[in-house]
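S.K.: Got a structure for you, start-v7.txt, holding compact mmCIF, C-alpha atoms.
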# COMPACT_ATOMS: atom_id res chain seq x y z
CA ARG A 1287 99.95 77.93 76.53
CA LEU A 1288 98.79 81.52 77.01
CA SER A 1289 102.06 82.75 75.49
CA ILE A 1290 101.50 80.59 72.42
CA ILE A 1291 97.96 81.93 72.05
CA ALA A 1292 99.17 85.51 72.49
CA ASP A 1293 101.91 85.06 69.88
CA SER A 1294 99.43 83.43 67.49
CA LEU A 1295 97.14 86.45 67.78
CA LEU A 1296 99.78 89.19 67.86
CA THR A 1297 101.94 87.97 64.96
CA PRO A 1298 99.19 88.37 62.31
CA LEU A 1299 98.31 91.72 63.88
CA ILE A 1300 101.91 92.95 63.51
CA VAL A 1301 102.11 91.67 59.92
CA ALA A 1302 98.85 93.44 59.06
CA PHE A 1303 100.11 96.64 60.72
CA ILE A 1304 103.24 96.52 58.53
CA LEU A 1305 101.41 95.73 55.28
CA LEU A 1306 98.80 98.43 55.85
CA GLY A 1307 101.49 101.05 56.45
CA GLY A 1308 100.86 101.44 60.17
CA PHE A 1309 104.47 102.30 60.98
CA ASN A 1310 104.46 104.92 58.23
CA LEU A 1311 101.29 106.51 59.65
CA VAL A 1312 102.89 106.77 63.10
CA ASP A 1313 106.05 108.20 61.55
CA THR A 1314 104.05 110.78 59.58
CA PHE A 1315 102.35 111.91 62.78
CA ALA A 1316 105.70 112.15 64.59
CA ARG A 1317 107.21 114.20 61.75
CA GLU A 1318 104.29 116.61 61.81
CA ALA A 1319 104.41 116.93 65.61
CA ALA A 1320 108.13 117.73 65.94
CA GLU A 1321 111.10 118.92 63.90
CA ALA A 1322 114.03 117.47 65.85
CA ASP A 1323 114.78 113.80 65.20
CA ILE A 1324 115.13 113.00 68.89
CA TRP A 1325 111.66 114.33 69.66
CA ARG A 1326 110.24 112.60 66.60
CA GLY A 1327 111.84 109.40 67.82
CA LEU A 1328 110.40 109.74 71.31
CA ILE A 1329 106.91 110.37 69.90
CA PHE A 1330 107.26 107.43 67.49
CA ALA A 1331 108.51 105.11 70.25
CA GLY A 1332 105.97 106.36 72.79
CA ILE A 1333 102.99 105.69 70.51
CA LEU A 1334 104.18 102.19 69.61
CA PHE A 1335 105.08 101.38 73.23
CA MET A 1336 101.67 102.44 74.53
CA ALA A 1337 99.86 100.60 71.73
CA SER A 1338 101.80 97.42 72.51
CA SER A 1339 101.16 97.83 76.25
CA LEU A 1340 97.43 98.33 75.80
CA ILE A 1341 97.16 95.31 73.50
CA ASN A 1342 98.95 93.16 76.09
CA ILE A 1343 96.76 94.24 79.02
CA PRO A 1344 94.02 91.62 78.38
CA PHE A 1345 96.64 88.86 78.39
CA SER A 1346 98.14 90.17 81.64
CA VAL A 1347 94.68 90.37 83.21
CA TYR A 1348 93.88 86.81 82.15
CA ARG A 1349 97.23 85.51 83.40
CA THR A 1350 96.90 87.24 86.78
CA PHE A 1351 93.20 87.03 87.59
CA ILE A 1352 92.21 83.81 85.79
CA ILE A 1353 95.18 81.45 85.52
CA GLU A 1354 97.01 82.48 88.71
CA GLU A 1355 93.69 82.60 90.57
CA ARG A 1356 92.71 79.16 89.31
CA TYR A 1357 95.82 77.60 90.84
CA GLY A 1358 95.65 79.57 94.07
CA PHE A 1359 98.62 81.86 93.41
CA ASN A 1360 97.01 85.24 92.92
CA ARG A 1361 96.92 87.80 95.73
CA THR A 1362 97.01 90.84 93.44
CA THR A 1363 94.13 93.28 93.82
CA VAL A 1364 92.79 95.31 90.92
CA LYS A 1365 94.23 98.44 92.55
CA THR A 1366 97.71 96.91 92.82
CA PHE A 1367 97.52 95.68 89.23
CA ILE A 1368 96.62 99.14 87.92
CA LEU A 1369 99.27 100.88 90.05
CA ASP A 1370 101.94 98.43 88.86
CA LEU A 1371 100.88 99.11 85.29
CA PHE A 1372 101.20 102.88 85.64
CA LYS A 1373 104.48 102.67 87.55
CA GLY A 1374 105.88 100.43 84.82
CA TRP A 1375 104.82 102.91 82.15
CA VAL A 1376 106.41 105.84 83.97
CA LEU A 1377 109.69 103.97 84.53
CA ALA A 1378 109.77 102.76 80.94
CA GLY A 1379 109.12 106.29 79.74
CA LEU A 1380 111.87 107.80 81.88
CA ILE A 1381 114.57 105.15 81.60
CA GLY A 1382 113.69 103.98 78.10
CA GLY A 1383 113.30 107.55 76.88
CA ILE A 1384 116.76 108.55 78.12
CA VAL A 1385 118.43 105.51 76.54
CA PHE A 1386 116.48 105.83 73.27
CA ALA A 1387 117.29 109.54 72.93
CA ALA A 1388 120.99 108.93 73.64
CA ILE A 1389 121.21 106.19 70.99
CA ILE A 1390 119.57 108.45 68.38
CA TRP A 1391 121.98 111.27 69.24
CA PHE A 1392 125.09 109.09 69.00
CA PHE A 1393 124.12 107.60 65.64
CA ALA A 1394 123.25 111.07 64.33
CA THR A 1395 126.54 112.69 65.37
CA ALA A 1396 129.31 110.11 65.86
CA GLY A 1397 129.50 108.41 62.47
CA SER A 1398 131.30 105.07 62.39
CA MET A 1399 132.11 105.33 66.11
CA ALA A 1400 128.45 105.53 67.09
CA TRP A 1401 128.02 101.85 67.90
CA LEU A 1402 131.04 101.92 70.23
CA LEU A 1403 129.82 105.05 72.02
CA CYS A 1404 126.32 103.57 72.35
CA TRP A 1405 127.82 100.37 73.75
CA GLY A 1406 129.83 102.28 76.33
CA ALA A 1407 127.03 104.65 77.32
CA VAL A 1408 124.34 101.97 77.59
CA THR A 1409 126.67 99.68 79.55
CA ALA A 1410 127.50 102.47 82.01
CA PHE A 1411 123.81 103.30 82.38
CA GLN A 1412 122.88 99.64 82.94
CA LEU A 1413 125.54 99.29 85.65
CA PHE A 1414 124.30 102.48 87.29
CA ILE A 1415 120.72 101.15 87.32
CA LEU A 1416 121.89 97.79 88.72
CA PHE A 1417 123.72 99.66 91.46
CA ILE A 1418 120.83 101.89 92.56
CA ALA A 1419 117.84 99.66 91.71
CA PRO A 1420 117.64 97.96 95.14
CA VAL A 1421 117.09 101.29 96.90
CA THR A 1422 115.31 103.35 94.23
CA ILE A 1423 113.33 101.21 91.78
CA MET A 1424 112.47 97.97 93.58
CA PRO A 1425 110.88 99.75 96.59
CA LEU A 1426 108.39 101.35 94.18
CA PHE A 1427 106.78 97.94 93.74
CA ASN A 1428 107.47 96.10 97.00
CA LYS A 1429 108.20 96.80 100.64
CA PHE A 1430 111.60 95.60 101.86
CA THR A 1431 111.97 95.09 105.60
CA PRO A 1432 115.22 94.18 107.40
CA LEU A 1433 115.01 90.63 108.70
CA GLU A 1434 113.71 90.54 112.27
CA ASP A 1435 115.90 89.50 115.19
CA GLY A 1436 115.65 85.82 116.02
CA GLU A 1437 117.11 82.40 115.32
CA LEU A 1438 117.15 82.86 111.55
CA LYS A 1439 119.00 86.17 111.70
CA LEU A 1440 121.53 84.84 114.23
CA LYS A 1441 122.27 81.79 112.08
CA ILE A 1442 122.59 83.93 108.96
CA GLU A 1443 125.10 86.21 110.69
CA GLU A 1444 127.03 83.21 112.00
CA TYR A 1445 127.15 81.60 108.55
CA ALA A 1446 128.20 84.89 106.93
CA ARG A 1447 131.11 85.26 109.37
CA LYS A 1448 132.33 81.75 108.61
CA GLN A 1449 132.22 82.47 104.87
CA ASP A 1450 133.83 85.90 105.23
CA PHE A 1451 130.76 87.34 103.55
CA LYS A 1452 130.02 90.92 104.54
CA ILE A 1453 126.26 91.28 104.70
CA LYS A 1454 125.00 94.68 103.63
CA GLY A 1455 121.49 93.58 104.41
CA VAL A 1456 119.10 90.63 104.45
CA PHE A 1457 115.60 91.79 103.67
CA THR A 1458 112.11 90.34 103.64
CA MET A 1459 110.01 91.30 100.63
CA ASP A 1460 106.22 91.45 100.86
CA ALA A 1461 105.75 89.14 97.87
CA SER A 1462 102.49 87.85 99.39
CA ARG A 1463 100.82 91.12 98.30
CA ARG A 1464 100.81 89.76 94.76
CA SER A 1465 101.35 86.01 94.84
CA THR A 1466 101.76 82.95 97.04
CA LYS A 1467 104.88 81.91 95.11
CA SER A 1468 108.23 81.82 96.90
CA ASN A 1469 111.74 82.83 95.94
CA ALA A 1470 115.02 84.38 97.10
CA TYR A 1471 117.58 86.40 95.20
CA PHE A 1472 120.79 88.39 95.43
CA THR A 1473 120.85 91.93 94.05
CA GLY A 1474 122.88 95.11 93.94
CA PHE A 1475 126.54 96.02 94.24
CA GLY A 1476 128.76 97.63 96.84
CA ARG A 1477 126.95 99.23 99.75
CA PHE A 1478 123.58 98.50 98.10
CA ARG A 1479 124.28 94.75 97.94
CA ARG A 1480 121.54 92.73 99.61
CA ILE A 1481 119.90 89.33 99.88
CA VAL A 1482 116.13 89.28 99.55
CA LEU A 1483 113.86 86.55 100.95
CA PHE A 1484 110.18 86.49 100.00
CA ASP A 1485 107.91 86.56 103.05
CA THR A 1486 106.17 83.50 101.59
CA LEU A 1487 109.51 81.67 101.61
CA ILE A 1488 110.16 82.44 105.29
CA LYS A 1489 106.65 81.36 106.23
CA ARG A 1490 106.88 77.88 104.67
CA HIS A 1491 110.47 76.80 105.25
CA THR A 1492 112.49 75.68 108.26
CA VAL A 1493 115.53 77.64 109.42
CA ASP A 1494 117.92 75.04 107.97
CA GLU A 1495 116.12 75.11 104.62
CA LEU A 1496 116.26 78.90 104.57
CA LEU A 1497 119.97 78.87 105.44
CA SER A 1498 120.63 76.39 102.64
CA ILE A 1499 118.77 78.61 100.18
CA LEU A 1500 120.59 81.69 101.43
CA ALA A 1501 123.91 79.84 101.15
CA HIS A 1502 123.00 79.16 97.53
CA GLU A 1503 122.63 82.92 96.97
CA VAL A 1504 125.93 83.57 98.73
CA GLY A 1505 127.44 80.97 96.41
CA HIS A 1506 126.43 83.06 93.42
CA TYR A 1507 128.39 85.96 94.89
CA LYS A 1508 131.42 83.95 95.98
CA LYS A 1509 131.64 82.23 92.59
CA ARG A 1510 131.41 85.66 90.89
CA HIS A 1511 128.36 84.57 88.93
CA ILE A 1512 126.84 88.04 89.07
CA MET A 1513 129.91 89.68 87.55
CA LYS A 1514 130.16 86.94 84.93
CA ASN A 1515 126.52 87.49 83.98
CA VAL A 1516 127.15 91.23 83.76
CA LEU A 1517 130.14 90.56 81.48
CA VAL A 1518 128.02 88.34 79.22
CA SER A 1519 125.35 91.05 79.11
CA VAL A 1520 127.94 93.71 78.22
CA LEU A 1521 129.40 91.60 75.41
CA SER A 1522 125.97 90.76 73.98
CA THR A 1523 125.05 94.46 74.09
CA GLY A 1524 128.20 95.27 72.12
CA LEU A 1525 127.33 92.61 69.53
CA MET A 1526 123.83 94.05 69.22
CA PHE A 1527 125.06 97.61 68.59
CA PHE A 1528 127.69 96.41 66.10
CA ILE A 1529 125.03 94.63 64.03
CA LEU A 1530 122.60 97.54 64.49
CA ALA A 1531 125.13 99.92 62.88
CA LEU A 1532 124.92 97.85 59.69
CA PHE A 1533 121.19 98.46 59.36
CA ILE A 1534 120.80 102.13 60.29
CA ASN A 1535 118.82 103.92 57.54
CA ASN A 1536 118.92 100.84 55.30
CA ARG A 1537 116.57 101.70 52.43
CA GLY A 1538 115.65 98.09 51.73
CA LEU A 1539 114.64 97.59 55.35
CA PHE A 1540 112.42 100.68 55.28
CA ASP A 1541 110.80 99.58 52.02
CA ALA A 1542 109.95 96.24 53.65
CA PHE A 1543 108.14 98.11 56.43
CA ARG A 1544 106.30 100.36 53.94
CA MET A 1545 108.06 103.52 55.14
CA SER A 1546 108.29 106.73 53.10
CA HIS A 1547 111.26 108.17 55.00
CA THR A 1548 114.34 106.67 56.62
CA SER A 1549 115.26 107.60 60.18
CA ILE A 1550 117.53 106.46 62.95
CA TYR A 1551 114.69 106.04 65.44
CA ALA A 1552 112.63 103.81 63.14
CA SER A 1553 115.77 101.82 62.30
CA LEU A 1554 116.00 100.85 65.98
CA PHE A 1555 112.49 99.40 65.96
CA PHE A 1556 112.87 97.54 62.67
CA PHE A 1557 116.22 96.14 63.73
CA ALA A 1558 114.51 94.54 66.73
CA PHE A 1559 112.56 92.31 64.33
CA LEU A 1560 115.74 91.22 62.55
CA TYR A 1561 117.75 90.69 65.73
CA GLY A 1562 115.34 88.09 67.10
CA PRO A 1563 117.24 85.01 65.80
CA VAL A 1564 120.58 86.38 67.04
CA ASP A 1565 119.03 87.19 70.41
CA MET A 1566 117.68 83.64 70.63
CA VAL A 1567 121.17 82.19 70.12
CA VAL A 1568 122.65 84.57 72.71
CA SER A 1569 119.83 83.66 75.11
CA ILE A 1570 120.46 79.92 74.67
CA MET A 1571 124.15 80.41 75.46
CA GLY A 1572 123.29 82.58 78.45
CA ASN A 1573 120.85 79.99 79.79
CA LEU A 1574 123.45 77.25 79.37
CA LEU A 1575 125.87 79.27 81.49
CA SER A 1576 123.14 80.14 84.00
CA ARG A 1577 122.22 76.48 84.53
CA ARG A 1578 125.86 75.67 85.27
CA PHE A 1579 125.96 78.53 87.76
CA GLU A 1580 122.93 77.06 89.54
CA TYR A 1581 124.68 73.71 89.96
CA GLU A 1582 127.75 75.50 91.31
CA ALA A 1583 125.67 77.55 93.76
CA ASP A 1584 123.86 74.40 94.94
CA ALA A 1585 127.23 72.74 95.48
CA TYR A 1586 128.52 75.76 97.38
CA SER A 1587 125.47 75.67 99.64
CA ALA A 1588 125.82 71.96 100.32
CA ARG A 1589 129.55 72.20 100.96
CA THR A 1590 129.62 75.33 103.14
CA TYR A 1591 126.41 74.90 105.11
CA GLY A 1592 126.86 71.14 105.18
CA GLN A 1593 123.21 70.16 104.81
CA PRO A 1594 122.42 69.09 101.23
CA GLY A 1595 119.35 67.37 102.66
CA SER A 1596 117.97 70.73 103.76
CA MET A 1597 118.60 72.16 100.30
CA ILE A 1598 116.77 69.21 98.77
CA ALA A 1599 113.84 69.70 101.14
CA GLY A 1600 113.78 73.39 100.30
CA LEU A 1601 113.77 72.70 96.55
CA LYS A 1602 110.92 70.21 96.98
CA LYS A 1603 108.83 72.76 98.84
CA LEU A 1604 109.63 75.48 96.31
CA SER A 1605 108.64 73.27 93.39
CA ALA A 1606 105.44 72.19 95.13
CA ASP A 1607 104.48 75.73 96.17
CA ASN A 1608 105.22 77.14 92.70
CA LEU A 1609 103.79 74.13 90.83
CA SER A 1610 107.02 73.75 88.88
CA ASN A 1611 107.17 71.35 85.95
CA LEU A 1612 109.20 68.42 87.30
CA THR A 1613 109.71 66.73 83.93
CA PRO A 1614 110.08 69.40 81.23
CA HIS A 1615 111.07 68.30 77.75
CA PRO A 1616 114.87 68.46 77.27
CA LEU A 1617 114.46 70.81 74.30
CA LYS A 1618 112.33 73.15 76.40
CA VAL A 1619 115.09 73.16 79.01
CA PHE A 1620 117.79 73.75 76.40
CA PHE A 1621 116.04 76.67 74.74
CA THR A 1622 114.36 78.49 77.63
CA TYR A 1623 115.39 77.33 81.13
CA SER A 1624 117.79 79.51 83.12
CA HIS A 1625 117.66 76.96 85.98
CA PRO A 1626 118.06 73.18 85.73
CA PRO A 1627 114.88 71.15 86.34
CA VAL A 1628 114.29 70.59 90.05
CA LEU A 1629 114.58 66.79 89.83
CA GLU A 1630 117.99 67.13 88.18
CA ARG A 1631 119.20 69.51 90.90
CA ILE A 1632 117.96 67.09 93.56
CA ARG A 1633 119.70 64.18 91.82
CA VAL A 1634 123.00 66.06 91.83
CA LEU A 1635 122.60 67.04 95.50
CA ASP A 1636 121.83 63.39 96.28
CA GLN A 1637 125.16 62.49 94.69
CA LEU A 1638 126.85 64.87 97.08
CA ARG A 1639 125.19 63.11 100.00
CA GLY A 1640 126.68 59.86 98.73
CA ILE A 1641 123.31 58.37 97.75
CA ALA A 1642 124.41 57.93 94.15
CA GLY A 1643 127.44 58.43 91.96
CA GLY A 1644 127.50 60.45 88.81
CA SER A 1645 129.39 62.56 86.33
CA LYS A 1646 128.68 65.83 88.18
CA LYS A 1647 130.56 64.72 91.33
CA GLU A 1648 133.60 66.69 90.27
CA LEU A 1649 131.53 69.83 89.73
CA LEU A 1650 129.97 69.56 93.17
CA THR A 1651 133.23 69.19 95.04
CA SER A 1652 135.15 71.82 93.08
CA ASP A 1653 136.00 75.25 94.39
I need this file expressed as structure tokens, please.
M.R.:
Amino acid sequence: RLSIIADSLLTPLIVAFILLGGFNLVDTFAREAAEADIWRGLIFAGILFMASSLINIPFSVYRTFIIEERYGFNRTTVKTFILDLFKGWVLAGLIGGIVFAAIIWFFATAGSMAWLLCWGAVTAFQLFILFIAPVTIMPLFNKFTPLEDGELKLKIEEYARKQDFKIKGVFTMDASRRSTKSNAYFTGFGRFRRIVLFDTLIKRHTVDELLSILAHEVGHYKKRHIMKNVLVSVLSTGLMFFILALFINNRGLFDAFRMSHTSIYASLFFFAFLYGPVDMVVSIMGNLLSRRFEYEADAYSARTYGQPGSMIAGLKKLSADNLSNLTPHPLKVFFTYSHPPVLERIRVLDQLRGIAGGSKKELLTSD
């Protein structure tokens, strides 16, 4: 509901900004402040990014300190909120600035090959960030501690040996600093590959439930879901740059945004407005694939750990702790859900236990 309200308020604001020549005013300032297009672009992007961030702060504050607090989720202090905000700005400035400058340079110098070079460079940079993020970026926001010795660690190591899964690290994340919500995820590649369990998850779940959840994450790796998702991301990035090349310095586009001068850097911003419908279609297809991956990972967990009942119990606790919507509208699921609804996942796991038959039996028993 808050997102709908925010969009309802921000959309007229953006339209007014366009009609009143706001983008042109920012561009005029950037042109007066610098001569090189890359620096003009960074100034242009920096002003718009900071303006957007500042406008969104009240909504973030309301979401964190009113809505999350109302339902007992919030653990974020004002200090943590402010620090997260500044860290996010710095990272966006550094990473976003590098990528933005590179794209401007390629389109300014490489002609018709620019979109291909941008695709290759951005893909390489994204893979590099994915590789180093677990040890460089994520620790800026949370503390990651190797899982303590005990029954859970012993069972994890035993399970990993049986699955021929080389553990680079199982870590506990101090998620309780910000929220009471629980989760687990798999991240990184190569020697930086790791499984992360929220401390809130460990606190509320039994060892068997935790092993079932961890087996689900291992399933994502064994089924090559991470690499498949990376491939989808790479292909969608290529599509985006191909379409972008068609709109660089398009005079009609700049007239629509009340701009006096064309530029590569402004083209990138205006293209983002046009790409929205394409991005929505790509997102729907990605979510469809992601939901299938979740079923496959659930099946892997149930088959290899052998306790679908524990996975079901874990899902029930997760949905209760996170106040998940148990009966979302099918259209909402189709358009926005990256995971199947919890009740549907439980129904499929029940089929595996032999409680009921169903069309997904073949999926659950497949390798």
S.K.: Got a sec: who's within 12 Å of Val1564 (chain A), counting only C-alpha atoms, leaving out chain neighbours fewer than 4 positions off, as a CSV table (one decimal) with C-alpha atoms, in the frame of the given file?
M.R.:
chain,number,residue,atom,x,y,z
A,1522,SER,CA,126.0,90.8,74.0
A,1523,THR,CA,125.0,94.5,74.1
A,1525,LEU,CA,127.3,92.6,69.5
A,1526,MET,CA,123.8,94.0,69.2
A,1529,ILE,CA,125.0,94.6,64.0
A,1530,LEU,CA,122.6,97.5,64.5
A,1557,PHE,CA,116.2,96.1,63.7
A,1558,ALA,CA,114.5,94.5,66.7
A,1559,PHE,CA,112.6,92.3,64.3
A,1560,LEU,CA,115.7,91.2,62.6
A,1568,VAL,CA,122.6,84.6,72.7
A,1569,SER,CA,119.8,83.7,75.1
A,1570,ILE,CA,120.5,79.9,74.7
A,1571,MET,CA,124.2,80.4,75.5
S.K.: Env of region 1399-1416 of chain A: 9 Å cut, atoms = all atoms listed in the file, seq-sep filter 2 positions within chain, self excluded. Answer as a count of residues only.
M.R.: 29
S.K.: Mind giving me the straight-line distance from CA of Ser1624 (chain A) to CA of Leu1574 (chain A) in Å, one decimal?
M.R.: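 Result for CA of Ser1624 (chain A) versus CA of Leu1574 (chain A): 7.2 Å, one decimal.
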S.K.: Let me make sure I understand: among A:Ala1292, A:Ile1341, A:Ile1300, A:Ala1501, which one has the smallest atom-to-atom distance to Phe1556 (chain A) if we use only C-alpha atoms?
M.R.: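 Between A:Ala1292, A:Ile1341, A:Ile1300, A:Ala1501, the residue approaching Phe1556 (chain A) most closely is A:Ile1300.
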S.K.: Would you please work out which residue, of A:Leu1609, A:Leu1295, A:Val1518, A:Ile1632, is nearest to Tyr1357 (chain A) when using only C-alpha atoms?
M.R.: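 Smallest separation from Tyr1357 (chain A) among the options: A:Leu1609.
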S.K.: Between region 1427-1459 of chain A and region 1584-1591 of chain A, at 9 Å or less, what are the per-residue closest atom pairs and their distances in Å? Count all atoms listed in the file, order by chain and rising residue number, and return it as a tab-separated table.
M.R.:
residue	atom	partner	partner_atom	distance
A:Tyr1445	CA	A:Tyr1591	CA	7.6
A:Lys1448	CA	A:Thr1590	CA	8.9
A:Gln1449	CA	A:Thr1590	CA	7.8
S.K.: Please save C-alpha atoms of the selected residues as a CSV table (one decimal), keeping the file's coordinate frame.
M.R.:
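Output (selection26.csv):
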chain,number,residue,atom,x,y,z
A,1445,TYR,CA,127.2,81.6,108.6
A,1448,LYS,CA,132.3,81.8,108.6
A,1449,GLN,CA,132.2,82.5,104.9
